[in-house]
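**Q** Input file: entry.cif. Contents: mmCIF, C-alpha atoms.
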data_start
#
loop_
_atom_site.label_atom_id
_atom_site.label_comp_id
_atom_site.auth_asym_id
_atom_site.auth_seq_id
_atom_site.Cartn_x
_atom_site.Cartn_y
_atom_site.Cartn_z
CA MET J 1 79.78 107.33 34.32
CA THR J 2 83.05 107.94 36.20
CA MET J 3 84.78 111.07 34.91
CA THR J 4 88.46 110.67 34.09
CA THR J 5 90.98 112.89 32.35
CA ASP J 6 90.49 111.05 29.06
CA VAL J 7 86.79 111.96 28.80
CA LYS J 8 85.80 114.02 25.79
CA THR J 9 82.71 116.24 25.86
CA ILE J 10 80.89 116.48 22.52
CA PRO J 11 77.95 118.90 22.08
CA LEU J 12 74.95 117.46 20.22
CA ALA J 13 72.16 119.66 18.85
CA PHE J 14 68.75 118.93 20.36
CA GLY J 15 65.91 121.08 18.99
CA ARG J 16 67.11 124.66 19.36
CA GLY J 17 69.37 123.68 22.27
CA VAL J 18 72.32 121.40 22.97
CA LEU J 19 72.89 118.16 24.91
CA LYS J 20 76.39 117.13 25.95
CA LEU J 21 77.86 113.68 25.45
CA ASP J 22 80.70 112.72 27.83
CA ILE J 23 82.58 109.78 26.37
CA SER J 24 85.92 108.18 27.18
CA GLU J 25 88.38 108.71 24.34
CA LYS J 26 89.24 105.00 24.36
CA ASN J 27 85.64 104.27 23.29
CA ILE J 28 85.54 106.79 20.43
CA SER J 29 85.94 105.14 17.05
CA SER J 30 85.58 108.46 15.21
CA ILE J 31 83.57 111.67 15.14
CA ILE J 32 81.85 111.55 11.77
CA ARG J 33 81.76 115.14 10.60
CA PRO J 34 81.22 116.71 7.21
CA SER J 35 84.29 117.90 5.25
CA GLU J 36 83.09 121.48 5.43
CA LEU J 37 83.75 123.75 2.49
CA LYS J 38 85.40 126.96 3.63
CA ILE J 39 82.99 129.86 3.17
CA LYS J 40 84.86 132.42 1.12
CA GLU J 41 81.88 134.60 0.29
CA GLU J 42 78.55 135.78 1.69
CA GLY J 43 75.55 133.56 0.95
CA ALA J 44 73.88 136.34 -1.06
CA PHE J 45 76.96 136.63 -3.29
CA ILE J 46 77.16 132.83 -3.79
CA ILE J 47 73.49 132.83 -4.88
CA LYS J 48 73.94 135.88 -7.14
CA LYS J 49 76.89 134.21 -8.86
CA ALA J 50 74.86 131.03 -9.46
CA LEU J 51 71.97 133.06 -10.91
CA GLU J 52 74.35 134.93 -13.23
CA ASN J 53 75.91 131.65 -14.43
CA PRO J 54 73.03 129.18 -14.78
CA ILE J 55 73.80 125.63 -15.88
CA LYS J 56 72.35 124.63 -19.27
CA SER J 57 69.83 127.46 -19.16
CA ARG J 58 69.33 131.11 -20.03
CA ARG J 59 69.39 133.54 -17.13
CA LEU J 60 66.06 134.14 -15.43
CA SER J 61 66.27 137.79 -16.49
CA GLU J 62 66.26 136.52 -20.10
CA ILE J 63 63.38 134.10 -19.51
CA VAL J 64 60.89 136.53 -17.93
CA ASN J 65 59.32 139.70 -19.30
CA PRO J 66 57.11 142.42 -17.74
CA ASP J 67 53.94 140.37 -18.38
CA SER J 68 55.24 137.02 -17.05
CA LYS J 69 53.24 135.35 -14.29
CA VAL J 70 55.93 133.80 -12.08
CA ALA J 71 55.56 131.06 -9.46
CA ILE J 72 58.45 130.63 -7.01
CA ILE J 73 58.15 127.36 -5.08
CA VAL J 74 59.81 127.44 -1.65
CA SER J 75 60.39 124.89 1.15
CA ASP J 76 58.09 124.55 4.15
CA VAL J 77 58.97 124.78 7.84
CA THR J 78 60.27 121.18 8.05
CA ARG J 79 63.25 122.03 5.83
CA PRO J 80 66.37 124.01 6.77
CA THR J 81 66.37 126.03 3.50
CA PRO J 82 67.27 129.70 4.23
CA THR J 83 64.46 130.83 1.92
CA ALA J 84 64.64 134.53 2.84
CA LYS J 85 68.32 134.59 1.80
CA LEU J 86 67.51 132.94 -1.54
CA LEU J 87 64.58 135.16 -2.40
CA GLN J 88 66.27 138.57 -2.37
CA PRO J 89 68.87 137.85 -5.10
CA LEU J 90 66.30 135.75 -6.98
CA LEU J 91 63.81 138.65 -7.05
CA GLU J 92 66.55 141.07 -8.15
CA GLU J 93 67.31 138.76 -11.10
CA LEU J 94 63.61 138.67 -11.99
CA TYR J 95 63.35 142.46 -11.77
CA LEU J 96 66.26 142.70 -14.22
CA GLY J 97 64.00 140.99 -16.75
CA GLY J 98 61.14 143.39 -15.97
CA ALA J 99 59.09 141.06 -13.72
CA LYS J 100 56.60 142.87 -11.48
CA ASN J 101 55.75 142.09 -7.85
CA GLU J 102 52.03 141.85 -8.64
CA ASN J 103 52.74 139.02 -11.11
CA ILE J 104 54.90 136.99 -8.72
CA THR J 105 53.49 134.32 -6.35
CA ILE J 106 55.51 132.50 -3.70
CA VAL J 107 54.16 128.97 -3.12
CA PHE J 108 55.06 126.96 0.00
CA ALA J 109 55.58 123.32 -1.02
CA LEU J 110 53.81 121.33 1.69
CA GLY J 111 53.54 117.92 0.05
CA LEU J 112 51.41 116.10 2.64
CA HIS J 113 52.75 118.17 5.57
CA ARG J 114 50.54 120.32 7.79
CA LEU J 115 49.53 123.89 6.92
CA GLN J 116 51.84 126.55 8.33
CA THR J 117 50.84 129.43 10.56
CA GLU J 118 51.03 132.94 9.12
CA GLU J 119 53.90 133.61 11.53
CA GLU J 120 55.86 130.65 10.12
CA CYS J 121 55.25 131.87 6.56
CA ARG J 122 56.46 135.36 7.49
CA GLN J 123 59.60 134.00 9.14
CA LEU J 124 60.46 131.79 6.16
CA VAL J 125 60.32 134.52 3.50
CA GLY J 126 61.07 137.56 5.69
CA GLU J 127 58.72 140.40 6.66
CA GLU J 128 59.53 142.69 3.75
CA ILE J 129 58.94 140.07 1.05
CA PHE J 130 55.83 138.72 2.81
CA GLU J 131 54.29 142.22 2.71
CA LYS J 132 55.05 143.00 -0.95
CA ILE J 133 54.63 139.60 -2.68
CA ARG J 134 51.63 137.27 -2.65
CA CYS J 135 52.48 134.18 -0.56
CA ILE J 136 50.23 131.10 -0.64
CA GLN J 137 50.39 127.55 0.65
CA HIS J 138 50.06 124.48 -1.54
CA ASP J 139 46.53 123.09 -1.64
CA ARG J 140 46.61 119.45 -2.73
CA LYS J 141 42.86 119.50 -3.52
CA ARG J 142 43.28 122.20 -6.19
CA TYR J 143 45.25 120.58 -8.98
CA ARG J 144 45.38 120.04 -12.73
CA TYR J 145 46.06 116.67 -14.35
CA LEU J 146 48.93 117.04 -16.84
CA GLY J 147 49.78 113.46 -17.79
CA GLU J 148 51.61 110.48 -16.36
CA THR J 149 55.26 109.49 -15.85
CA SER J 150 56.71 106.24 -17.21
CA PHE J 151 56.44 104.95 -13.61
CA GLY J 152 52.65 105.33 -13.79
CA THR J 153 52.58 108.30 -11.42
CA PRO J 154 49.83 110.79 -12.35
CA VAL J 155 51.20 114.31 -12.70
CA GLU J 156 48.60 116.39 -10.85
CA VAL J 157 50.03 119.77 -9.88
CA PHE J 158 48.67 122.69 -7.83
CA GLU J 159 46.75 124.89 -10.28
CA GLU J 160 48.40 128.13 -9.11
CA VAL J 161 51.74 126.69 -10.25
CA VAL J 162 50.40 125.25 -13.52
CA ASP J 163 48.77 128.58 -14.45
CA SER J 164 52.09 130.46 -14.23
CA ASP J 165 54.19 131.34 -17.28
CA VAL J 166 57.47 130.71 -15.46
CA ILE J 167 57.95 128.12 -12.70
CA ILE J 168 60.98 128.43 -10.44
CA SER J 169 61.91 125.88 -7.79
CA THR J 170 64.09 126.64 -4.76
CA GLY J 171 65.39 124.33 -2.05
CA THR J 172 68.29 122.67 -0.28
CA LEU J 173 70.38 119.89 -1.74
CA GLU J 174 70.93 117.13 0.82
CA PHE J 175 70.69 113.36 1.01
CA HIS J 176 67.24 111.76 0.86
CA TYR J 177 66.45 108.18 1.91
CA TYR J 178 64.30 107.52 -1.19
CA ALA J 179 64.89 110.23 -3.82
CA GLY J 180 68.70 109.96 -3.42
CA TYR J 181 68.93 113.71 -2.89
CA GLY J 182 66.52 116.53 -2.10
CA GLY J 183 66.26 119.60 -4.30
CA GLY J 184 65.70 119.86 -8.04
CA GLY J 185 62.24 118.83 -9.18
CA LYS J 186 61.30 117.48 -5.75
CA SER J 187 59.46 120.73 -5.06
CA ILE J 188 57.02 119.73 -7.85
CA LEU J 189 56.70 116.03 -6.94
CA PRO J 190 55.87 115.64 -4.09
CA GLY J 191 56.07 119.35 -3.12
CA VAL J 192 53.06 120.83 -4.95
CA SER J 193 51.30 117.71 -6.23
CA SER J 194 47.91 116.18 -5.46
CA GLU J 195 47.52 113.59 -2.73
CA LYS J 196 47.02 110.89 -5.38
CA SER J 197 50.30 111.84 -7.12
CA ILE J 198 52.22 111.94 -3.85
CA LEU J 199 50.92 108.56 -2.69
CA SER J 200 51.69 107.02 -6.10
CA PHE J 201 55.21 108.48 -5.97
CA HIS J 202 55.88 107.08 -2.49
CA SER J 203 54.30 103.68 -3.17
CA PHE J 204 57.33 102.59 -5.22
CA TYR J 205 59.41 102.67 -2.06
CA SER J 206 57.80 99.43 -0.82
CA LYS J 207 59.15 97.66 -3.94
CA LEU J 208 62.68 99.00 -3.37
CA PHE J 209 62.60 98.79 0.43
CA GLU J 210 64.84 95.77 0.92
CA GLY J 211 67.30 96.57 -1.86
CA ASP J 212 70.49 98.63 -1.59
CA PRO J 213 70.18 102.01 0.20
CA LEU J 214 69.02 104.77 -2.16
CA SER J 215 70.35 107.75 -0.19
CA GLY J 216 73.10 109.57 -2.09
CA ARG J 217 72.18 107.98 -5.43
CA ALA J 218 71.29 110.33 -8.30
CA ASP J 219 70.09 107.30 -10.30
CA SER J 220 67.43 106.48 -7.70
CA PRO J 221 64.18 105.45 -9.49
CA ALA J 222 62.35 108.02 -7.39
CA ARG J 223 64.66 110.78 -8.67
CA LYS J 224 63.89 109.74 -12.28
CA ASN J 225 60.16 109.81 -11.49
CA ILE J 226 60.52 113.28 -9.93
CA GLU J 227 62.34 114.64 -12.96
CA GLU J 228 59.84 113.24 -15.44
CA ALA J 229 56.99 114.84 -13.45
CA ALA J 230 58.81 118.18 -13.17
CA GLY J 231 59.44 118.11 -16.94
CA ILE J 232 55.76 117.43 -17.65
CA ALA J 233 54.78 120.25 -15.25
CA GLY J 234 57.11 122.63 -17.12
CA LEU J 235 59.56 123.48 -14.33
CA ASP J 236 61.68 126.19 -15.97
CA PHE J 237 64.48 126.87 -13.52
CA ILE J 238 65.90 125.71 -10.19
CA LEU J 239 67.91 127.50 -7.53
CA ASN J 240 69.31 125.10 -4.93
CA VAL J 241 71.77 125.70 -2.12
CA VAL J 242 74.12 123.42 -0.17
CA LEU J 243 74.39 124.20 3.55
CA ASP J 244 77.14 123.42 6.02
CA SER J 245 76.50 122.03 9.51
CA LYS J 246 75.85 125.55 10.84
CA LYS J 247 73.15 125.96 8.14
CA GLU J 248 75.30 128.52 6.29
CA ILE J 249 75.25 128.58 2.48
CA VAL J 250 78.49 127.17 1.04
CA ALA J 251 77.43 126.50 -2.56
CA ALA J 252 74.55 127.26 -4.92
CA VAL J 253 73.50 125.97 -8.31
CA ALA J 254 70.96 127.41 -10.73
CA GLY J 255 69.47 126.53 -14.10
CA ASP J 256 68.30 123.27 -15.67
CA LEU J 257 66.36 120.99 -13.32
CA ILE J 258 68.62 117.99 -14.03
CA GLU J 259 72.03 119.39 -15.00
CA ALA J 260 72.14 122.03 -12.23
CA HIS J 261 70.90 119.49 -9.70
CA ARG J 262 73.67 117.02 -10.60
CA LYS J 263 76.32 119.70 -10.20
CA GLY J 264 74.89 120.41 -6.76
CA THR J 265 75.10 116.73 -5.76
CA GLU J 266 78.87 116.86 -6.37
CA TYR J 267 79.18 119.48 -3.60
CA VAL J 268 76.98 117.39 -1.28
CA ASP J 269 79.02 114.22 -1.88
CA ALA J 270 82.35 115.99 -1.34
CA MET J 271 81.15 117.42 1.96
CA TYR J 272 78.86 114.80 3.44
CA LYS J 273 79.80 111.31 2.24
CA VAL J 274 82.21 109.99 4.88
CA PRO J 275 83.99 106.62 4.51
CA VAL J 276 83.82 104.63 7.78
CA GLU J 277 84.52 101.20 9.27
CA PRO J 278 81.32 100.05 11.02
CA ALA J 279 81.65 100.29 14.84
CA ASP J 280 79.86 98.67 17.80
CA ALA J 281 77.57 101.67 18.26
CA VAL J 282 76.81 105.15 16.95
CA VAL J 283 75.49 108.22 18.76
CA VAL J 284 73.64 110.36 16.20
CA SER J 285 72.06 113.79 16.54
CA CYS J 286 69.82 114.95 13.68
CA GLY J 287 71.55 118.33 13.85
CA GLY J 288 68.76 120.05 15.79
CA PHE J 289 65.70 121.97 14.59
CA PRO J 290 64.02 121.51 12.11
CA LYS J 291 65.56 118.10 11.37
CA ASP J 292 64.33 116.78 14.74
CA ILE J 293 61.00 118.66 14.80
CA ASN J 294 59.22 115.28 14.96
CA LEU J 295 60.07 111.58 14.78
CA TYR J 296 58.89 111.44 11.16
CA GLN J 297 61.76 113.79 10.17
CA ALA J 298 64.26 112.30 12.66
CA THR J 299 64.09 108.84 11.10
CA LYS J 300 66.21 110.18 8.19
CA SER J 301 69.16 110.58 10.59
CA LEU J 302 68.53 107.11 12.00
CA GLU J 303 68.69 105.61 8.52
CA ASN J 304 71.88 107.52 7.65
CA ALA J 305 73.53 106.27 10.84
CA THR J 306 72.83 102.56 10.38
CA SER J 307 75.61 102.08 7.81
CA ALA J 308 78.13 103.14 10.49
CA VAL J 309 77.20 100.25 12.84
CA LYS J 310 77.95 96.54 12.87
CA ARG J 311 74.92 94.27 12.68
CA GLY J 312 73.71 93.68 16.24
CA GLY J 313 75.20 96.99 17.42
CA SER J 314 73.44 100.01 18.94
CA VAL J 315 72.14 103.29 17.56
CA ILE J 316 71.56 106.14 20.03
CA LEU J 317 69.31 108.74 18.37
CA VAL J 318 69.26 112.28 19.79
CA ALA J 319 66.08 113.98 18.50
CA GLU J 320 63.90 116.43 20.42
CA CYS J 321 60.61 115.64 18.56
CA ALA J 322 58.88 118.73 20.02
CA GLU J 323 55.93 118.14 17.64
CA GLY J 324 55.63 114.45 18.52
CA ILE J 325 55.47 111.70 15.88
CA GLY J 326 54.57 114.16 13.11
CA ASN J 327 52.22 111.99 11.02
CA LYS J 328 48.86 110.39 11.91
CA VAL J 329 49.41 107.24 9.82
CA TYR J 330 52.87 106.74 11.33
CA GLU J 331 51.26 107.05 14.80
CA CYS J 332 48.60 104.55 13.83
CA TRP J 333 51.13 101.98 12.55
CA ASN J 334 53.16 102.40 15.75
CA ARG J 335 50.03 101.53 17.75
CA GLU J 336 48.99 98.63 15.54
CA CYS J 337 52.31 96.94 14.68
CA ARG J 338 53.28 94.73 17.61
CA SER J 339 56.87 94.15 16.47
CA PRO J 340 59.45 95.43 13.99
CA GLU J 341 58.71 92.34 11.84
CA ASP J 342 55.01 93.31 11.77
CA ALA J 343 55.83 96.78 10.42
CA VAL J 344 58.20 95.53 7.72
CA LYS J 345 55.85 92.75 6.59
CA ARG J 346 52.82 95.07 6.53
CA PHE J 347 54.69 97.67 4.48
CA LYS J 348 55.82 95.11 1.88
CA ASN J 349 52.21 93.92 1.50
CA CYS J 350 50.47 97.28 1.61
CA PHE J 351 51.99 100.71 1.03
CA GLU J 352 50.51 103.46 3.16
CA PHE J 353 52.13 106.87 3.29
CA GLY J 354 53.42 107.45 6.83
CA GLY J 355 53.56 103.70 7.46
CA HIS J 356 56.85 103.65 5.56
CA LYS J 357 58.47 105.37 8.56
CA ALA J 358 57.35 102.57 10.90
CA ALA J 359 58.83 100.08 8.42
CA ILE J 360 62.14 102.01 8.19
CA VAL J 361 62.50 102.00 11.99
CA GLY J 362 61.27 98.40 12.13
CA ARG J 363 63.93 97.31 9.64
CA ALA J 364 66.60 99.06 11.75
CA ALA J 365 65.22 97.59 15.00
CA LYS J 366 65.54 94.07 13.55
CA GLU J 367 69.29 94.64 13.06
CA PHE J 368 70.27 97.04 15.84
CA LYS J 369 69.38 98.03 19.41
CA LEU J 370 67.72 101.47 19.11
CA TYR J 371 67.86 104.07 21.91
CA LEU J 372 66.04 107.42 21.77
CA ILE J 373 66.61 110.64 23.71
CA SER J 374 63.60 112.87 22.96
CA LYS J 375 60.64 114.72 24.46
CA LEU J 376 58.27 111.94 23.38
CA PRO J 377 56.32 110.15 26.12
CA LYS J 378 57.99 106.85 27.08
CA ALA J 379 55.11 104.78 25.65
CA GLU J 380 55.29 106.58 22.27
CA SER J 381 59.02 105.82 21.98
CA GLU J 382 58.49 102.17 22.84
CA LYS J 383 55.65 101.78 20.33
CA ALA J 384 58.03 103.17 17.69
CA PHE J 385 60.52 100.31 18.50
CA PHE J 386 62.97 102.47 20.50
CA THR J 387 64.23 102.06 24.07
CA PRO J 388 63.62 105.52 25.58
CA VAL J 389 66.39 106.98 27.75
CA LYS J 390 66.54 110.24 29.69
CA SER J 391 70.05 111.31 28.61
CA VAL J 392 72.84 110.48 26.17
CA ASP J 393 75.01 109.42 29.11
CA GLU J 394 72.35 106.93 30.27
CA ALA J 395 72.18 105.38 26.78
CA LEU J 396 75.98 105.21 26.66
CA GLU J 397 76.06 103.47 30.05
CA LYS J 398 73.66 100.81 28.75
CA VAL J 399 75.86 100.15 25.72
CA LEU J 400 79.08 100.07 27.77
CA SER J 401 77.59 97.84 30.49
CA GLU J 402 77.25 95.13 27.83
CA ASN J 403 80.59 95.86 26.18
CA PRO J 404 82.98 98.13 28.17
CA GLY J 405 85.45 98.23 25.27
CA ALA J 406 82.81 99.16 22.66
CA LYS J 407 84.03 101.37 19.80
CA ILE J 408 81.54 104.13 19.14
CA HIS J 409 81.11 106.58 16.25
CA VAL J 410 79.59 109.98 17.04
CA MET J 411 77.55 111.76 14.33
CA PRO J 412 76.69 115.33 15.39
CA HIS J 413 75.00 116.08 12.02
CA GLY J 414 73.11 112.89 11.20
CA GLY J 415 70.53 114.64 9.05
CA CYS J 416 73.07 115.52 6.39
CA THR J 417 76.04 113.15 6.91
CA LEU J 418 76.07 109.83 5.06
CA PRO J 419 78.59 107.26 6.31
CA VAL J 420 79.73 104.99 3.48
CA LYS J 421 81.23 101.60 4.37
CA ARG J 422 84.91 101.38 3.46
#
Could you take the file, read its structure, and then write that structure out as C-alpha cells?

**A**
Amino acid sequence: MTMTTDVKTIPLAFGRGVLKLDISEKNISSIIRPSELKIKEEGAFIIKKALENPIKSRRLSEIVNPDSKVAIIVSDVTRPTPTAKLLQPLLEELYLGGAKNENITIVFALGLHRLQTEEECRQLVGEEIFEKIRCIQHDRKRYRYLGETSFGTPVEVFEEVVDSDVIISTGTLEFHYYAGYGGGGKSILPGVSSEKSILSFHSFYSKLFEGDPLSGRADSPARKNIEEAAGIAGLDFILNVVLDSKKEIVAAVAGDLIEAHRKGTEYVDAMYKVPVEPADAVVVSCGGFPKDINLYQATKSLENATSAVKRGGSVILVAECAEGIGNKVYECWNRECRSPEDAVKRFKNCFEFGGHKAAIVGRAAKEFKLYLISKLPKAESEKAFFTPVKSVDEALEKVLSENPGAKIHVMPHGGCTLPVKR
C-alpha cells in the first residue's frame, strides 16, 4: 500500500504482541473503542468497596463462621479475570468472619476446557495464595445430581463445590454470544458442571441460532437457565469485575447472583455497547491474549464485529491462535463440513458442543468475506471458512482492490466491544 501523509497507524493486539494497521484516513469509517471509565481508585480498593457494600446480600464476613467450608470458584486460563487481584480482598473479608485457610478451597472452573498446568494455576491465583490455600481443578466426572432447571437441564455440579457450606463465584462481566453476559452464575453452569449438564445447556443454542443476537441481553434464555441452576446449586455470593481494554479493573459488584450481576451489566453496557452505522468492512482484533489463545475463543470477536458490517462486506479478524483451533469437535467439523451452508445445516439438525463454533463462522461466511491473520496453518484457516492472509495490510489491500473507496471500521478490542446498529 502506498504510504501518504493521510495514513493512520493503528496498533492491534496479537497474542502478547502487537500488529500495526496502516490505513488511509479517507477509508476509516470509525475506530470502535469502548467508552472507558476513568479509573479513580486501585483495583483492590474497588473490590474491597464492593465486598463491603454487597447488593441484596449480607456481607461475606456475616455469612461465614470459623467452621464454614468455603468454595471459591475462579476463572480458568482462557479468561482475562485478574483472579489474584480479586482473591486478596476476598480472603480478607472471609477472615473477618473467622474463616480459616484450611477450610477454604479454590476451584478452577474449566467447563469443558483442558486441564491447566500447575504453573498456570500458580500464575492465576498468585504464589502466596497457591501455597497457603488448597487449589483444585474442576473434574466433570465427579458430580452430584441436584435437580433440573425448567429448561430440562440437569443440575450436576462438581462434588467439591456441592459439599461446601458457602459457595462464592468470581469472574469477569463481559458480553457473551449465548448467555448475554459472562459472570454471575456462569461459573456454576457451565463452569463446574458435569459434561451432561454442559452439553444440555449448550444444546439450546441450536434452537436460538437464527434468531436475534443474544450478546448483551440479560434476558437471554441461557442466562435464565444459568441462574436457575446456580440457585439450585446454592450459589451464595458473587464477586464480578468489569475490566477496561488494558485489562484494568474499573468496576466491581458483589452479592446476590442475579441483582449484583444486573448492576454489573449496566457498567458493561455503558462502556462497551457502541452505536454504529454498518460499513463496507471491519478490521477486528480480539484484544490479544487470552481472547485470541485459539480460534474457538476468537470467534466471539468475529461475532461481535459482524453487526458493524453491511451484508456482503468483509471482516478481517486479527487473532494469533497460538494454541490452534482449541477444540477437537470444532476441528472435526471444520474437516467434515465442505461449506458454510453444511456447517449451519448440520448444527440446526444436530447439536454437538464445539460444532457450534463452525456454525457461527459458517453463518458469518454466508454473509461476509472473512479474512484471518493468525498463526494457524493456511489449510486450517481455509477449512474454518476464512481466507488466510499474512498481514493486516495484505487483507486491507484485498478489500480496497475491490472497492478503493471502502469505508472501514476498526475494532481494536473485539472481544469486549459490541457494535449496536443505529

**Q** Translate the PyMOL selection byres ((chain J and resi 315) around 8), as applied to the file shown, into an explicit residue set as a PyMOL selection string.

**A** chain J and resi 281-284+302+305-306+309+313-314+316-317+368-371

**Q** Looking at J:Ala359, J:Leu12, J:Val77, J:Leu418, which one is nearest to Tyr272 (chain J), with distances taken over all atoms listed in the file?

**A** J:Leu418

**Q** For Leu199 (chain J), which residue among J:Pro82, J:Gly216, J:Gly111, J:Gly126 is the nearest when counting all atoms listed in the file?

**A**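 Closest to Leu199 (chain J), using all atoms listed in the file: J:Gly111.
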
**Q** Nearest residue to Gly183 (chain J) out of J:Ile133, J:Leu208, J:Val241, J:Thr153, using all atoms listed in the file?

**A** J:Val241

**Q** My list of candidates is J:Pro11, J:Phe204, J:Ala322, J:Pro419. Which is closest to Ile293 (chain J) when distances are computed with all atoms listed in the file?

**A**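 For Ile293 (chain J), the nearest of the given residues is J:Ala322.
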
**Q** Got a sec to check which residues sit within 6 Å of (72.9, 127.5, -1.8), counting only C-alpha atoms, and write them as a PDB file with C-alpha atoms, in the coordinates of the input?

**A**
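This is the output file out_17.pdb:
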ATOM      1  CA  ASN J 240      69.310 125.100  -4.930  1.00  0.00           C
ATOM      2  CA  VAL J 241      71.770 125.700  -2.120  1.00  0.00           C
ATOM      3  CA  VAL J 242      74.120 123.420  -0.170  1.00  0.00           C
ATOM      4  CA  ILE J 249      75.250 128.580   2.480  1.00  0.00           C
ATOM      5  CA  ALA J 251      77.430 126.500  -2.560  1.00  0.00           C
ATOM      6  CA  ALA J 252      74.550 127.260  -4.920  1.00  0.00           C
TER       7      ALA J 252
END

**Q** Under the PyMOL selection byres ((chain J and resi 104) around 8), which residues of this model are included? Write them out as a list in words.

**A**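 Here the PyMOL selection byres ((chain J and resi 104) around 8) matches Lys69, Val70, Ala71, Ile72, Ala99, Lys100, Asn101, Glu102, Asn103, Thr105, Ile106, Ile133 and Arg134 of chain J.
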
**Q** Name all residues at most 10 Å from Ser35 (chain J) (count all atoms listed in the file; drop same-chain ones fewer than 6 positions away) and give them as a ChimeraX atom specification.

**A** /J:244-245,268-274,417

**Q** Produce a file of the selected residues containing C-alpha atoms, as a PDB file, keeping the file's coordinate frame.

**A**
ATOM      1  CA  ASP J 244      77.140 123.420   6.020  1.00  0.00           C
ATOM      2  CA  SER J 245      76.500 122.030   9.510  1.00  0.00           C
ATOM      3  CA  VAL J 268      76.980 117.390  -1.280  1.00  0.00           C
ATOM      4  CA  ASP J 269      79.020 114.220  -1.880  1.00  0.00           C
ATOM      5  CA  ALA J 270      82.350 115.990  -1.340  1.00  0.00           C
ATOM      6  CA  MET J 271      81.150 117.420   1.960  1.00  0.00           C
ATOM      7  CA  TYR J 272      78.860 114.800   3.440  1.00  0.00           C
ATOM      8  CA  LYS J 273      79.800 111.310   2.240  1.00  0.00           C
ATOM      9  CA  VAL J 274      82.210 109.990   4.880  1.00  0.00           C
ATOM     10  CA  THR J 417      76.040 113.150   6.910  1.00  0.00           C
TER      11      THR J 417
END

**Q** Quote the spacing between CA of Thr149 (chain J) and CA of Leu51 (chain J) in Å to one decimal place.

**A**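 Separation between CA of Thr149 (chain J) and CA of Leu51 (chain J): 29.3 Å.
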
**Q** Any idea what the distance is between CA of Gly326 (chain J) and CA of Gly355 (chain J)?

**A** 11.9 Å

**Q** What's the 7 Å shell around Glu174 (chain J), counting only C-alpha atoms, without same-chain residues fewer than 2 positions away, as a list of chain:residue names?

**A**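 Near Glu174 (chain J), the qualifying residues are J:Thr172, J:His176, J:Tyr181, J:Gly182, J:Val268, J:Cys416.
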
**Q** Write out as a PyMOL selection string the residues lying within 12 Å of Phe45 (chain J), counting all atoms listed in the file and excluding same-chain residues fewer than 5 positions away.

**A** chain J and resi 39-40+50-52+85-86+88-90+249-252

**Q** So which residues touch region 229-237 of chain J within 7 Å, counting only C-alpha atoms, skipping near sequence neighbours fewer than 5 positions away, as a list in words?

**A**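 Within the cut-off, the hits are Leu146, Thr149, Val155, Val162, Val166, Ile167, Ile168, Ser169, Gly185, Ile188, Leu189, Gly255, Asp256 and Leu257 of chain J.
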
**Q** Just checking: using only C-alpha atoms, which residue out of J:Asp139, J:Glu382, J:Asp76, J:Glu131 ends up closest to Pro290 (chain J)?

**A**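 Among J:Asp139, J:Glu382, J:Asp76, J:Glu131, it is J:Asp76 that comes nearest to Pro290 (chain J).
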
**Q** Would you work out the distance separating CA of Ile258 (chain J) from CA of Arg58 (chain J), expressed in Å to one decimal?

**A**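 Taking CA of Ile258 (chain J) as the start and CA of Arg58 (chain J) as the end point, the length is 14.4 Å.
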
**Q** Under the PyMOL selection byres ((chain J and resi 358) around 10), which residues of this model are included? Write them out as JSON, numbers by chain.

**A** {"J": [296, 299, 329, 330, 331, 332, 333, 334, 337, 340, 342, 343, 344, 346, 347, 354, 355, 356, 357, 359, 360, 361, 362, 363, 364, 383, 384, 385]}

**Q** For each of J:Ala179, J:Leu91, J:Leu214, J:Ile46, take the minimum atom-to-atom distance to Glu227 (chain J), counting only C-alpha atoms, then give the residue where this is smallest.

**A**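 Among J:Ala179, J:Leu91, J:Leu214, J:Ile46, it is J:Ala179 that comes nearest to Glu227 (chain J).
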
**Q** Residues around (51.6, 107.4, 0.5), cut-off 6 Å, counting all atoms listed in the file - what are they as a PyMOL selection string?

**A** chain J and resi 199+202-203+352-353

**Q** Tell me which protein, DNA and RNA residues are within 10 Å of Val276 (chain J), counting all atoms listed in the file, leaving out same-chain ones fewer than 3 positions away, and put them as a list in words.

**A** Ser29, Ser30, Ile32, Lys273, Ala279, Ser307, Ala308, Val309, His409, Leu418, Pro419, Val420, Lys421 and Arg422 of chain J

**Q** Show me that you can extract region 142-154 of chain J, keeping C-alpha atoms, and write it as a PDB file, in the first residue's frame.

**A**
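The result, written out as selection_22.pdb:
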ATOM      1  CA  ARG J 142     -17.099 -36.137  39.954  1.00  0.00           C
ATOM      2  CA  TYR J 143     -20.504 -34.538  40.363  1.00  0.00           C
ATOM      3  CA  ARG J 144     -23.728 -34.672  42.346  1.00  0.00           C
ATOM      4  CA  TYR J 145     -27.183 -34.530  40.766  1.00  0.00           C
ATOM      5  CA  LEU J 146     -29.208 -31.758  42.441  1.00  0.00           C
ATOM      6  CA  GLY J 147     -32.302 -31.447  40.250  1.00  0.00           C
ATOM      7  CA  GLU J 148     -33.319 -29.963  36.927  1.00  0.00           C
ATOM      8  CA  THR J 149     -33.999 -26.460  35.585  1.00  0.00           C
ATOM      9  CA  SER J 150     -37.277 -25.530  33.871  1.00  0.00           C
ATOM     10  CA  PHE J 151     -35.303 -25.791  30.598  1.00  0.00           C
ATOM     11  CA  GLY J 152     -34.731 -29.503  31.268  1.00  0.00           C
ATOM     12  CA  THR J 153     -31.031 -29.057  32.030  1.00  0.00           C
ATOM     13  CA  PRO J 154     -29.833 -31.489  34.725  1.00  0.00           C
TER      14      PRO J 154
END
